[in-house]
>>> print(open('data-v9.txt').read())   # compact mmCIF, C-alpha atoms and all ligand atoms
# COMPACT_ATOMS: atom_id res chain seq x y z
CA MET A 9 -10.68 12.23 15.82
CA THR A 10 -12.11 15.56 16.91
CA ALA A 11 -14.39 17.47 14.51
CA GLN A 12 -11.54 19.78 13.47
CA ASP A 13 -9.32 16.80 12.49
CA LEU A 14 -11.90 15.47 10.03
CA PRO A 15 -11.43 15.85 6.26
CA GLN A 16 -13.34 18.76 4.74
CA GLY A 17 -17.10 18.26 4.53
CA MET A 18 -17.03 15.28 6.89
CA THR A 19 -18.82 15.20 10.25
CA GLU A 20 -18.53 12.67 13.03
CA ASN A 21 -21.52 10.84 11.51
CA THR A 22 -20.14 10.61 7.99
CA ILE A 23 -19.67 7.03 6.77
CA PRO A 24 -15.93 6.81 5.98
CA LEU A 25 -15.55 4.79 2.78
CA MET A 26 -12.67 6.96 1.60
CA LEU A 27 -9.71 6.57 3.90
CA GLY A 28 -7.40 3.55 3.65
CA HIS A 29 -6.86 3.58 7.39
CA PRO A 30 -6.94 0.56 9.68
CA ASP A 31 -9.96 0.16 11.94
CA PRO A 32 -9.24 2.48 14.92
CA ALA A 33 -10.48 -0.19 17.36
CA THR A 34 -7.57 -2.46 16.36
CA LEU A 35 -4.80 0.02 17.14
CA LEU A 36 -4.09 -0.10 20.84
CA THR A 37 -4.13 -3.75 21.86
CA PRO A 38 -3.24 -4.70 25.47
CA GLU A 39 -0.18 -6.51 24.09
CA LEU A 40 1.13 -3.38 22.33
CA LEU A 41 0.50 -1.31 25.45
CA HIS A 42 2.37 -3.91 27.48
CA ALA A 43 5.36 -3.76 25.10
CA MET A 44 5.39 0.05 25.44
CA GLN A 45 5.38 -0.24 29.23
CA ARG A 46 8.14 -2.87 29.23
CA VAL A 47 10.45 -0.70 27.10
CA ILE A 48 9.74 2.46 29.08
CA SER A 49 10.41 0.78 32.41
CA SER A 50 13.63 -1.04 31.44
CA PRO A 51 17.21 0.29 31.11
CA GLN A 52 16.77 -0.33 27.34
CA VAL A 53 14.83 2.95 27.24
CA TYR A 54 18.08 4.98 27.29
CA THR A 55 19.38 3.23 24.15
CA ALA A 56 15.94 3.51 22.55
CA LEU A 57 15.88 7.27 23.10
CA GLN A 58 19.40 7.80 21.70
CA TYR A 59 20.24 8.14 17.97
CA GLY A 60 20.00 4.56 16.68
CA PRO A 61 22.18 2.49 14.33
CA GLU A 62 21.74 3.77 10.76
CA GLN A 63 20.42 0.45 9.46
CA GLY A 64 17.84 0.34 12.23
CA THR A 65 17.22 -1.40 15.54
CA GLN A 66 18.99 -4.75 15.27
CA SER A 67 16.44 -6.84 17.20
CA LEU A 68 13.71 -5.69 14.80
CA ILE A 69 15.86 -6.35 11.73
CA LYS A 70 16.59 -9.85 13.00
CA PHE A 71 12.91 -10.55 13.65
CA LEU A 72 11.81 -9.29 10.22
CA VAL A 73 14.55 -11.16 8.35
CA GLU A 74 13.52 -14.42 10.06
CA LYS A 75 9.82 -13.81 9.33
CA ILE A 76 10.39 -13.04 5.64
CA LYS A 77 12.78 -16.00 5.27
CA ARG A 78 10.26 -18.36 6.82
CA GLU A 79 7.24 -17.08 4.90
CA GLN A 80 8.85 -16.54 1.50
CA GLY A 81 11.42 -19.36 1.55
CA LEU A 82 14.28 -16.94 0.91
CA SER A 83 17.88 -16.97 1.86
CA LEU A 84 18.36 -13.56 3.48
CA HIS A 85 20.91 -11.87 5.70
CA SER A 86 20.51 -8.96 8.04
CA GLY A 87 22.36 -6.85 5.42
CA ASN A 88 19.33 -7.24 3.12
CA LEU A 89 16.99 -5.18 5.28
CA MET A 90 16.85 -1.75 6.84
CA VAL A 91 14.23 -0.18 9.08
CA VAL A 92 12.45 2.87 7.64
CA GLY A 93 9.95 5.41 8.96
CA GLY A 94 7.05 3.80 7.08
CA SER A 95 6.67 2.96 3.41
CA THR A 96 6.43 6.68 2.62
CA HIS A 97 9.99 7.21 3.89
CA ALA A 98 11.26 4.33 1.76
CA VAL A 99 9.49 5.56 -1.40
CA ASP A 100 10.92 9.04 -0.88
CA MET A 101 14.43 7.71 -0.28
CA VAL A 102 14.32 5.43 -3.32
CA ALA A 103 13.01 8.28 -5.48
CA ARG A 104 15.84 10.51 -4.26
CA LEU A 105 18.57 7.90 -4.75
CA TYR A 106 17.44 5.88 -7.76
CA ALA A 107 15.60 8.19 -10.15
CA ARG A 108 18.25 9.15 -12.68
CA ALA A 109 18.43 12.74 -13.88
CA GLY A 110 16.23 12.91 -16.95
CA GLY A 111 15.01 9.41 -16.16
CA VAL A 112 11.44 8.28 -15.96
CA VAL A 113 9.55 6.32 -13.31
CA LEU A 114 6.98 3.80 -14.46
CA VAL A 115 3.76 3.60 -12.44
CA GLU A 116 0.53 1.65 -12.72
CA ALA A 117 -2.58 3.37 -14.03
CA PRO A 118 -4.14 3.83 -11.52
CA THR A 119 -1.54 4.01 -8.75
CA TYR A 120 -1.17 4.98 -5.10
CA VAL A 121 -1.82 8.70 -5.01
CA ASP A 122 0.78 9.64 -2.39
CA ALA A 123 3.61 7.80 -4.15
CA MET A 124 2.79 9.86 -7.24
CA HIS A 125 2.88 12.96 -5.04
CA ILE A 126 6.39 12.07 -3.84
CA PHE A 127 7.64 11.44 -7.39
CA ARG A 128 6.23 14.79 -8.46
CA ASP A 129 7.93 16.51 -5.51
CA HIS A 130 11.19 15.14 -6.91
CA GLN A 131 10.22 16.45 -10.36
CA ILE A 132 10.36 12.96 -11.80
CA GLU A 133 8.64 12.33 -15.12
CA LEU A 134 5.99 9.64 -14.75
CA CYS A 135 4.94 7.15 -17.37
CA SER A 136 1.80 5.17 -16.59
CA ILE A 137 1.14 1.59 -17.60
CA PRO A 138 -2.43 0.34 -18.09
CA MET A 139 -3.84 -2.34 -15.80
CA ASP A 140 -6.74 -4.74 -16.16
CA GLU A 141 -8.52 -6.72 -13.45
CA ASP A 142 -5.38 -8.87 -13.06
CA GLY A 143 -3.12 -5.87 -12.51
CA LEU A 144 -0.33 -4.35 -14.57
CA ILE A 145 -0.26 -5.59 -18.18
CA PRO A 146 3.30 -6.69 -19.15
CA ARG A 147 2.62 -6.24 -22.90
CA GLU A 148 1.69 -2.58 -22.27
CA LEU A 149 4.76 -2.15 -20.06
CA GLU A 150 7.00 -3.37 -22.85
CA LYS A 151 5.26 -1.09 -25.35
CA GLN A 152 5.81 1.97 -23.13
CA VAL A 153 9.44 1.14 -22.37
CA ALA A 154 10.18 0.63 -26.08
CA HIS A 155 8.45 3.94 -26.82
CA LEU A 156 10.53 5.72 -24.16
CA SER A 157 13.69 4.18 -25.51
CA ALA A 158 12.82 5.32 -29.07
CA ASN A 159 12.66 8.84 -27.59
CA GLY A 160 16.04 8.55 -25.91
CA LYS A 161 14.59 8.00 -22.41
CA SER A 162 15.00 5.14 -20.02
CA PRO A 163 13.03 4.16 -16.94
CA SER A 164 14.89 4.32 -13.63
CA PHE A 165 12.40 2.07 -11.90
CA LEU A 166 8.90 0.64 -11.92
CA TYR A 167 6.84 1.45 -8.81
CA THR A 168 4.18 -1.22 -8.26
CA VAL A 169 1.72 -2.31 -5.57
CA PRO A 170 1.47 -5.99 -6.55
CA ASN A 171 -0.83 -7.31 -3.80
CA PHE A 172 -4.34 -6.01 -3.02
CA HIS A 173 -3.46 -2.91 -4.94
CA ASN A 174 -4.27 0.60 -3.81
CA PRO A 175 -6.67 1.72 -5.29
CA THR A 176 -8.01 -1.28 -7.27
CA GLY A 177 -7.66 -4.20 -4.83
CA SER A 178 -6.24 -6.40 -7.62
CA THR A 179 -3.33 -8.82 -7.29
CA LEU A 180 -0.77 -9.40 -10.01
CA SER A 181 -0.40 -13.05 -11.05
CA GLU A 182 2.90 -14.88 -10.69
CA ALA A 183 3.15 -15.32 -14.47
CA ARG A 184 2.87 -11.56 -15.01
CA ARG A 185 5.43 -10.89 -12.27
CA ARG A 186 7.89 -13.20 -14.05
CA GLU A 187 7.30 -11.44 -17.37
CA ILE A 188 7.87 -8.06 -15.71
CA ILE A 189 11.10 -9.29 -14.14
CA GLY A 190 12.21 -10.38 -17.63
CA LEU A 191 11.46 -6.90 -18.98
CA ALA A 192 13.31 -5.24 -16.08
CA ARG A 193 16.38 -7.35 -16.93
CA THR A 194 16.14 -6.65 -20.65
CA TYR A 195 15.67 -2.91 -20.29
CA GLY A 196 17.75 -2.43 -17.13
CA PHE A 197 15.27 -0.91 -14.74
CA LEU A 198 14.73 -1.58 -11.04
CA ILE A 199 11.43 -2.89 -9.64
CA VAL A 200 10.22 -1.15 -6.47
CA GLU A 201 7.39 -3.19 -4.96
CA ASP A 202 5.31 -1.50 -2.30
CA ASP A 203 4.00 -4.62 -0.61
CA VAL A 204 2.24 -3.14 2.40
CA TYR A 205 -0.94 -5.24 2.05
CA ARG A 206 0.74 -8.65 1.61
CA ASP A 207 -0.02 -9.86 5.14
CA LEU A 208 -3.67 -8.84 4.79
CA SER A 209 -4.54 -11.65 2.39
CA PHE A 210 -7.95 -12.88 3.59
CA GLU A 211 -6.85 -16.51 3.23
CA GLY A 212 -3.38 -16.10 4.79
CA VAL A 213 -0.02 -15.93 3.06
CA THR A 214 0.86 -19.59 2.68
CA GLU A 215 2.37 -20.62 -0.63
CA GLY A 216 -0.08 -20.50 -3.53
CA VAL A 217 -2.51 -18.08 -1.85
CA VAL A 218 -0.49 -14.92 -2.52
CA PRO A 219 1.97 -15.04 -5.45
CA GLY A 220 5.66 -14.87 -4.59
CA SER A 221 6.93 -11.33 -4.16
CA PHE A 222 8.94 -9.73 -6.96
CA TYR A 223 11.89 -9.90 -4.58
CA ALA A 224 11.51 -13.68 -4.14
CA LEU A 225 10.80 -14.42 -7.82
CA ALA A 226 13.81 -12.36 -8.95
CA GLN A 227 16.00 -14.00 -6.28
CA GLY A 228 16.66 -10.62 -4.76
CA LYS A 229 18.14 -9.11 -7.91
CA GLN A 230 17.09 -5.69 -9.22
CA VAL A 231 14.17 -5.44 -6.77
CA LEU A 232 13.55 -3.28 -3.72
CA SER A 233 10.64 -4.45 -1.61
CA ILE A 234 8.84 -2.32 0.97
CA GLY A 235 6.74 -3.41 3.94
CA ASN A 236 5.28 -1.60 6.93
CA PHE A 237 3.55 -1.81 10.29
CA SER A 238 0.95 0.80 9.29
CA LYS A 239 -1.65 -1.62 7.97
CA THR A 240 -1.09 -4.51 10.37
CA LEU A 241 -0.32 -2.71 13.63
CA ALA A 242 -0.68 1.09 13.68
CA PRO A 243 0.23 3.83 11.17
CA GLY A 244 1.10 6.29 13.93
CA LEU A 245 4.12 4.13 14.77
CA ARG A 246 5.64 5.31 11.45
CA LEU A 247 7.64 2.16 10.97
CA GLY A 248 8.40 -0.12 8.04
CA TRP A 249 11.26 -1.86 6.26
CA LEU A 250 13.11 -1.93 2.97
CA LEU A 251 14.38 -5.23 1.60
CA GLY A 252 16.98 -5.39 -1.16
CA ALA A 253 20.40 -6.55 -2.32
CA GLU A 254 23.07 -5.76 0.28
CA ASP A 255 24.69 -3.04 -1.84
CA ASP A 256 21.33 -1.32 -2.39
CA ILE A 257 20.56 -1.40 1.33
CA GLN A 258 24.04 -0.08 2.04
CA ARG A 259 23.44 2.76 -0.41
CA CYS A 260 20.27 3.73 1.50
CA VAL A 261 22.00 3.33 4.87
CA ASN A 262 24.77 5.62 3.61
CA CYS A 263 22.47 8.32 2.23
CA GLY A 264 22.50 11.78 3.78
CA THR A 265 19.25 11.66 5.73
CA THR A 266 20.04 8.28 7.29
CA GLN A 267 23.58 9.26 8.18
CA MET A 268 22.48 12.59 9.61
CA GLY A 269 19.45 11.40 11.60
CA GLY A 270 20.46 7.84 12.45
CA GLY A 271 18.22 4.78 11.97
CA ALA A 272 14.45 5.20 11.72
CA ASN A 273 12.47 5.78 14.92
CA PRO A 274 14.60 3.78 17.40
CA PHE A 275 12.20 4.33 20.29
CA VAL A 276 9.22 2.94 18.39
CA ALA A 277 11.37 0.23 16.79
CA ASN A 278 12.38 -1.02 20.25
CA ILE A 279 8.72 -1.20 21.29
CA VAL A 280 7.66 -2.96 18.09
CA ALA A 281 10.57 -5.43 18.38
CA GLU A 282 9.51 -6.21 21.96
CA TYR A 283 5.92 -6.71 20.78
CA CYS A 284 6.86 -8.89 17.79
CA LEU A 285 9.34 -11.04 19.74
CA SER A 286 6.58 -11.87 22.22
CA GLY A 287 4.72 -13.50 19.31
CA HIS A 288 1.71 -11.17 19.37
CA TRP A 289 1.94 -9.70 15.88
CA GLU A 290 1.13 -12.99 14.11
CA THR A 291 -2.04 -13.47 16.19
CA HIS A 292 -3.03 -9.86 15.60
CA ILE A 293 -2.61 -10.26 11.83
CA VAL A 294 -4.80 -13.38 11.84
CA ASN A 295 -7.52 -11.37 13.63
CA LEU A 296 -7.19 -8.49 11.17
CA ARG A 297 -7.55 -10.83 8.18
CA SER A 298 -10.82 -12.11 9.50
CA LEU A 299 -12.08 -8.61 10.38
CA TYR A 300 -11.32 -7.16 6.93
CA LYS A 301 -12.55 -10.27 5.12
CA THR A 302 -15.93 -9.88 6.84
CA ARG A 303 -16.08 -6.19 5.89
CA CYS A 304 -15.10 -6.89 2.31
CA ASN A 305 -17.80 -9.56 2.05
CA VAL A 306 -20.39 -7.15 3.47
CA ALA A 307 -19.32 -4.57 0.88
CA LEU A 308 -19.44 -7.06 -2.01
CA ALA A 309 -22.88 -8.33 -0.97
CA ALA A 310 -24.20 -4.75 -0.70
CA LEU A 311 -22.76 -3.86 -4.14
CA GLU A 312 -24.50 -6.92 -5.58
CA GLN A 313 -27.77 -5.99 -3.91
CA TYR A 314 -27.93 -2.24 -4.52
CA MET A 315 -25.76 -1.16 -7.45
CA PRO A 316 -27.25 -0.44 -10.89
CA THR A 317 -26.36 -3.18 -13.36
CA ASP A 318 -24.06 -0.92 -15.41
CA VAL A 319 -21.67 -0.36 -12.48
CA GLY A 320 -18.70 -2.75 -12.20
CA TRP A 321 -16.34 -3.47 -9.31
CA THR A 322 -13.29 -5.52 -8.35
CA ARG A 323 -13.36 -8.47 -5.93
CA PRO A 324 -10.23 -8.23 -3.80
CA ALA A 325 -8.75 -11.20 -1.98
CA GLY A 326 -7.16 -8.99 0.68
CA GLY A 327 -6.30 -5.43 1.66
CA PHE A 328 -8.65 -2.48 2.10
CA PHE A 329 -10.05 -1.44 -1.29
CA ILE A 330 -12.69 -2.06 -3.95
CA TRP A 331 -12.55 -0.14 -7.24
CA LEU A 332 -15.77 0.86 -8.95
CA SER A 333 -16.22 1.50 -12.67
CA LEU A 334 -19.11 3.83 -13.41
CA PRO A 335 -20.97 4.13 -16.71
CA GLU A 336 -19.88 6.86 -19.15
CA ASN A 337 -22.74 9.15 -18.15
CA VAL A 338 -21.83 9.19 -14.45
CA PHE A 339 -18.92 11.32 -13.23
CA ALA A 340 -17.00 10.41 -10.09
CA GLN A 341 -16.77 14.02 -8.88
CA ASP A 342 -20.57 14.42 -9.02
CA VAL A 343 -21.05 11.18 -7.12
CA LYS A 344 -18.45 12.14 -4.52
CA ARG A 345 -20.07 15.56 -3.94
CA LEU A 346 -23.65 14.27 -3.75
CA ALA A 347 -22.68 11.27 -1.61
CA LEU A 348 -21.01 13.56 0.90
CA GLN A 349 -24.22 15.60 1.14
CA GLU A 350 -25.93 12.30 2.03
CA GLY A 351 -23.26 11.51 4.63
CA VAL A 352 -20.99 9.10 2.71
CA LEU A 353 -17.36 9.87 1.93
CA VAL A 354 -15.73 8.09 -1.05
CA ALA A 355 -12.62 8.78 -3.16
CA ALA A 356 -13.11 9.89 -6.77
CA GLY A 357 -10.84 8.16 -9.29
CA GLU A 358 -9.01 11.11 -10.90
CA GLY A 359 -6.33 11.52 -8.22
CA PHE A 360 -5.04 7.99 -8.81
CA PHE A 361 -3.97 8.62 -12.40
CA VAL A 362 -1.07 10.52 -13.94
CA THR A 363 -3.66 11.82 -16.41
CA ALA A 364 -6.59 12.69 -14.15
CA VAL A 365 -9.29 12.36 -16.81
CA GLU A 366 -8.67 8.59 -16.95
CA GLY A 367 -10.29 8.24 -13.53
CA GLU A 368 -13.38 10.38 -14.05
CA HIS A 369 -15.63 7.33 -14.07
CA ASN A 370 -14.06 5.50 -11.12
CA LEU A 371 -14.49 5.48 -7.37
CA ARG A 372 -12.40 3.83 -4.68
CA LEU A 373 -14.23 2.33 -1.71
CA ALA A 374 -12.27 1.54 1.44
CA PHE A 375 -13.98 -1.00 3.68
CA SER A 376 -11.28 -0.95 6.39
CA CYS A 377 -12.47 1.69 8.82
CA ALA A 378 -16.27 1.59 8.62
CA ALA A 379 -18.39 -0.87 10.63
CA PRO A 380 -20.31 -3.53 8.61
CA GLY A 381 -23.66 -1.75 9.12
CA GLU A 382 -22.17 1.53 7.92
CA ILE A 383 -20.66 -0.18 4.87
CA GLU A 384 -24.04 -1.57 3.85
CA THR A 385 -25.87 1.74 4.44
CA GLY A 386 -23.10 3.68 2.70
CA ILE A 387 -23.22 1.49 -0.41
CA CYS A 388 -27.02 1.66 -0.52
CA ILE A 389 -26.83 5.49 -0.46
CA LEU A 390 -24.04 5.48 -3.03
CA ALA A 391 -26.10 3.36 -5.44
CA GLU A 392 -28.98 5.83 -5.19
CA VAL A 393 -26.60 8.77 -5.73
CA ILE A 394 -25.04 7.09 -8.78
CA ASP A 395 -28.47 6.69 -10.36
CA ARG A 396 -29.32 10.29 -9.55
CA SER A 397 -26.06 11.61 -11.07
CA ARG A 398 -26.60 10.25 -14.56
CA VAL A 399 -26.08 12.96 -17.16
CA ARG A 400 -28.95 12.74 -19.65
C1 LIG A 501 0.40 1.29 -1.37
C2 LIG A 501 0.66 2.07 -0.14
N1 LIG A 501 1.92 2.37 0.21
C3 LIG A 501 2.21 3.07 1.31
C4 LIG A 501 1.21 3.54 2.15
C5 LIG A 501 1.59 4.35 3.35
O1 LIG A 501 2.44 3.60 4.15
P1 LIG A 501 3.17 4.17 5.44
O2 LIG A 501 2.13 4.49 6.46
O3 LIG A 501 4.04 3.03 5.86
O4 LIG A 501 3.96 5.36 5.04
C6 LIG A 501 -0.12 3.26 1.85
C7 LIG A 501 -1.21 3.77 2.70
O5 LIG A 501 -2.33 3.98 2.29
C8 LIG A 501 -0.40 2.50 0.68
O6 LIG A 501 -1.66 2.20 0.33
>>> encode(input="data-v9.txt", output="structure tokens")
Amino acid sequence: MTAQDLPQGMTENTIPLMLGHPDPATLLTPELLHAMQRVISSPQVYTALQYGPEQGTQSLIKFLVEKIKREQGLSLHSGNLMVVGGSTHAVDMVARLYARAGGVVLVEAPTYVDAMHIFRDHQIELCSIPMDEDGLIPRELEKQVAHLSANGKSPSFLYTVPNFHNPTGSTLSEARRREIIGLARTYGFLIVEDDVYRDLSFEGVTEGVVPGSFYALAQGKQVLSIGNFSKTLAPGLRLGWLLGAEDDIQRCVNCGTTQMGGGANPFVANIVAEYCLSGHWETHIVNLRSLYKTRCNVALAALEQYMPTDVGWTRPAGGFFIWLSLPENVFAQDVKRLALQEGVLVAAGEGFFVTAVEGEHNLRLAFSCAAPGEIETGICILAEVIDRSRVR
């Protein structure tokens, strides 16, 4: 990043505990570079540079279907998956196609800020559902849906980040997922799971470590599941996938933007397929898990050592984020502003809520793109700033 690319107020020496970006040093591996060179220097490059099949590059679809089948014990066909230009593309497409006129979209409180941005762009009414340390609370979901229904409204879908949630880092238990699937069936709404952190479970993704996806638990019914290469390879590739029932995938394949522009990023998809089929992605993911686990542990140890006793935080088992709860007399915006003056960039909680005021005593820390030493120094500074910001 050059100085002019940096977020406002940030210098090249600022400790970046705000951005949920992968560690830059992990992005260009020799294996990825090799895959790029192989595609560019083969006759395949002409197909890769043409408009691609609407559903996406077939070799990549085949690879992903096999991976998901193997890891989640599912029976899947290539018609269950399409390639998308990152999770953002999928969320936008689903919002466009599935939010009914006058309908409501259910989101977690807090939720991923940019998904909320997309829903607002589509002028969708949002209804937020409280979470606790174990994620979305099914009882609260039912209460809200019943309340909507009493007011003549019905939810089109629930948008959820079930694993290593952005921003809280929490993971929804299997029991809660099953309850939520029951509610979706009773009240007739779709579940859209944005599962971009699933592979970044610190202990791997074998059965029992990460709960089954909504898609797997619901046997593929009434669920759309999104994954990407942004967190486990490189976000600049702008590549991901959407998994769903064949008729839902067909609906997305047939939508205007897909039909007009062809399948998502065929050139990049050919490179990523080449890379994945050479077996390098799995090894890369194993390395990333260990890298981010170390950083998370450094962050948790520093929080334990430096934070005032009235500050609370989550203990994620994967992903990029830790969520801090500040005492009532400390405001996230004050902490953010003062911390930046001391060279530490963090995200204040307000932006993650439909009703901003709900996040005025929260901060999100991302441990993914700062070095361990920076994480420890950053948290030490943050603790001092929190103490200094108390309103008396
Ligand atoms: C929950 C969630 N979904 C989607 C994205 C963005 O994904 P993509 O780069 O595939 O558009 C992020 C990135 O921070 C995220 O945290």
>>> residues_near_ligand(input="data-v9.txt", ligand="ligand LIG 501 (chain A)", cutoff="7 Å", atoms="only C-alpha atoms and all ligand atoms", output="list in words")
Gly28, His29, Gly94, Ser95, Thr96, His97, Tyr120, Val169, His173, Asn174, Asp202, Asp203, Val204, Asn236, Phe237, Ser238, Pro243, Arg246, Leu247 and Gly248 of chain A
>>> write_last_selection(input="data-v9.txt", atoms="C-alpha atoms", output="PDB file, keeping the file's coordinate frame")
ATOM      1  CA  GLY A  28      -7.400   3.550   3.650  1.00  0.00           C
ATOM      2  CA  HIS A  29      -6.860   3.580   7.390  1.00  0.00           C
ATOM      3  CA  GLY A  94       7.050   3.800   7.080  1.00  0.00           C
ATOM      4  CA  SER A  95       6.670   2.960   3.410  1.00  0.00           C
ATOM      5  CA  THR A  96       6.430   6.680   2.620  1.00  0.00           C
ATOM      6  CA  HIS A  97       9.990   7.210   3.890  1.00  0.00           C
ATOM      7  CA  TYR A 120      -1.170   4.980  -5.100  1.00  0.00           C
ATOM      8  CA  VAL A 169       1.720  -2.310  -5.570  1.00  0.00           C
ATOM      9  CA  HIS A 173      -3.460  -2.910  -4.940  1.00  0.00           C
ATOM     10  CA  ASN A 174      -4.270   0.600  -3.810  1.00  0.00           C
ATOM     11  CA  ASP A 202       5.310  -1.500  -2.300  1.00  0.00           C
ATOM     12  CA  ASP A 203       4.000  -4.620  -0.610  1.00  0.00           C
ATOM     13  CA  VAL A 204       2.240  -3.140   2.400  1.00  0.00           C
ATOM     14  CA  ASN A 236       5.280  -1.600   6.930  1.00  0.00           C
ATOM     15  CA  PHE A 237       3.550  -1.810  10.290  1.00  0.00           C
ATOM     16  CA  SER A 238       0.950   0.800   9.290  1.00  0.00           C
ATOM     17  CA  PRO A 243       0.230   3.830  11.170  1.00  0.00           C
ATOM     18  CA  ARG A 246       5.640   5.310  11.450  1.00  0.00           C
ATOM     19  CA  LEU A 247       7.640   2.160  10.970  1.00  0.00           C
ATOM     20  CA  GLY A 248       8.400  -0.120   8.040  1.00  0.00           C
TER      21      GLY A 248
END
>>> atom_distance(input="data-v9.txt", atom1="CA of Glu62 (chain A)", atom2="CA of Ala109 (chain A)")
26.4 Å
>>> closest_residue(input="data-v9.txt", among="A:Phe275, A:Trp321, A:Trp289, A:Tyr314", to="Gln52 (chain A)", atoms="all atoms listed in the file")
A:Phe275
>>> closest_residue(input="data-v9.txt", among="A:Val121, A:Ile199, A:Met18, A:Leu144", to="Arg372 (chain A)", atoms="all atoms listed in the file")
A:Val121
>>> atom_distance(input="data-v9.txt", atom1="CA of Pro32 (chain A)", atom2="CA of Gly326 (chain A)")
18.4 Å
>>> closest_residue(input="data-v9.txt", among="A:Ala391, A:Leu84, A:Ile279, A:Met101", to="Cys263 (chain A)", atoms="only C-alpha atoms")
A:Met101
>>> atom_distance(input="data-v9.txt", atom1="CA of Ile69 (chain A)", atom2="CA of Pro219 (chain A)")
23.7 Å
>>> residues_around(input="data-v9.txt", residues="Gly270 (chain A)", least_positions_apart="5", cutoff="7 Å", atoms="only C-alpha atoms", output="PyMOL selection string")
chain A and resi 59-62
>>> closest_residue(input="data-v9.txt", among="A:Val53, A:Cys388, A:Ile132, A:Leu245", to="Gly351 (chain A)", atoms="only C-alpha atoms")
A:Cys388
>>> closest_residue(input="data-v9.txt", among="A:Asn305, A:Gln349, A:Ser50, A:Thr176", to="Phe329 (chain A)", atoms="all atoms listed in the file")
A:Thr176
>>> closest_residue(input="data-v9.txt", among="A:Arg206, A:Arg303, A:Arg78, A:His155", to="Ser233 (chain A)", atoms="all atoms listed in the file")
A:Arg206
>>> decode(input="data-v9.txt", residues="region 184-195 of chain A", atoms="N, CA, C and O atoms", output="compact mmCIF listing (two decimals), in the first residue's frame")
# COMPACT_ATOMS: atom_id res chain seq x y z
N ARG A 184 -28.37 -24.77 17.82
CA ARG A 184 -29.04 -23.52 17.42
C ARG A 184 -29.31 -23.51 15.91
O ARG A 184 -30.34 -23.02 15.47
N ARG A 185 -28.35 -24.03 15.14
CA ARG A 185 -28.58 -24.07 13.68
C ARG A 185 -29.83 -24.88 13.37
O ARG A 185 -30.64 -24.51 12.53
N ARG A 186 -29.97 -26.02 14.07
CA ARG A 186 -31.16 -26.87 13.80
C ARG A 186 -32.45 -26.13 14.18
O ARG A 186 -33.44 -26.22 13.47
N GLU A 187 -32.40 -25.43 15.30
CA GLU A 187 -33.61 -24.67 15.70
C GLU A 187 -33.96 -23.62 14.66
O GLU A 187 -35.13 -23.40 14.32
N ILE A 188 -32.91 -22.96 14.13
CA ILE A 188 -33.14 -21.89 13.14
C ILE A 188 -33.69 -22.47 11.84
O ILE A 188 -34.60 -21.90 11.22
N ILE A 189 -33.20 -23.65 11.48
CA ILE A 189 -33.74 -24.31 10.27
C ILE A 189 -35.22 -24.61 10.48
O ILE A 189 -36.05 -24.40 9.59
N GLY A 190 -35.57 -25.06 11.70
CA GLY A 190 -36.98 -25.34 12.02
C GLY A 190 -37.82 -24.06 11.86
O GLY A 190 -38.91 -24.09 11.28
N LEU A 191 -37.30 -22.94 12.34
CA LEU A 191 -38.04 -21.68 12.23
C LEU A 191 -38.18 -21.25 10.77
O LEU A 191 -39.23 -20.76 10.35
N ALA A 192 -37.10 -21.46 9.99
CA ALA A 192 -37.15 -21.09 8.57
C ALA A 192 -38.24 -21.89 7.86
O ALA A 192 -38.97 -21.36 7.02
N ARG A 193 -38.38 -23.17 8.26
CA ARG A 193 -39.42 -24.01 7.62
C ARG A 193 -40.80 -23.57 8.06
O ARG A 193 -41.72 -23.44 7.24
N THR A 194 -40.94 -23.29 9.35
CA THR A 194 -42.25 -22.88 9.86
C THR A 194 -42.70 -21.57 9.23
O THR A 194 -43.86 -21.42 8.83
N TYR A 195 -41.79 -20.61 9.18
CA TYR A 195 -42.19 -19.26 8.73
C TYR A 195 -41.88 -19.00 7.24
O TYR A 195 -42.14 -17.92 6.74
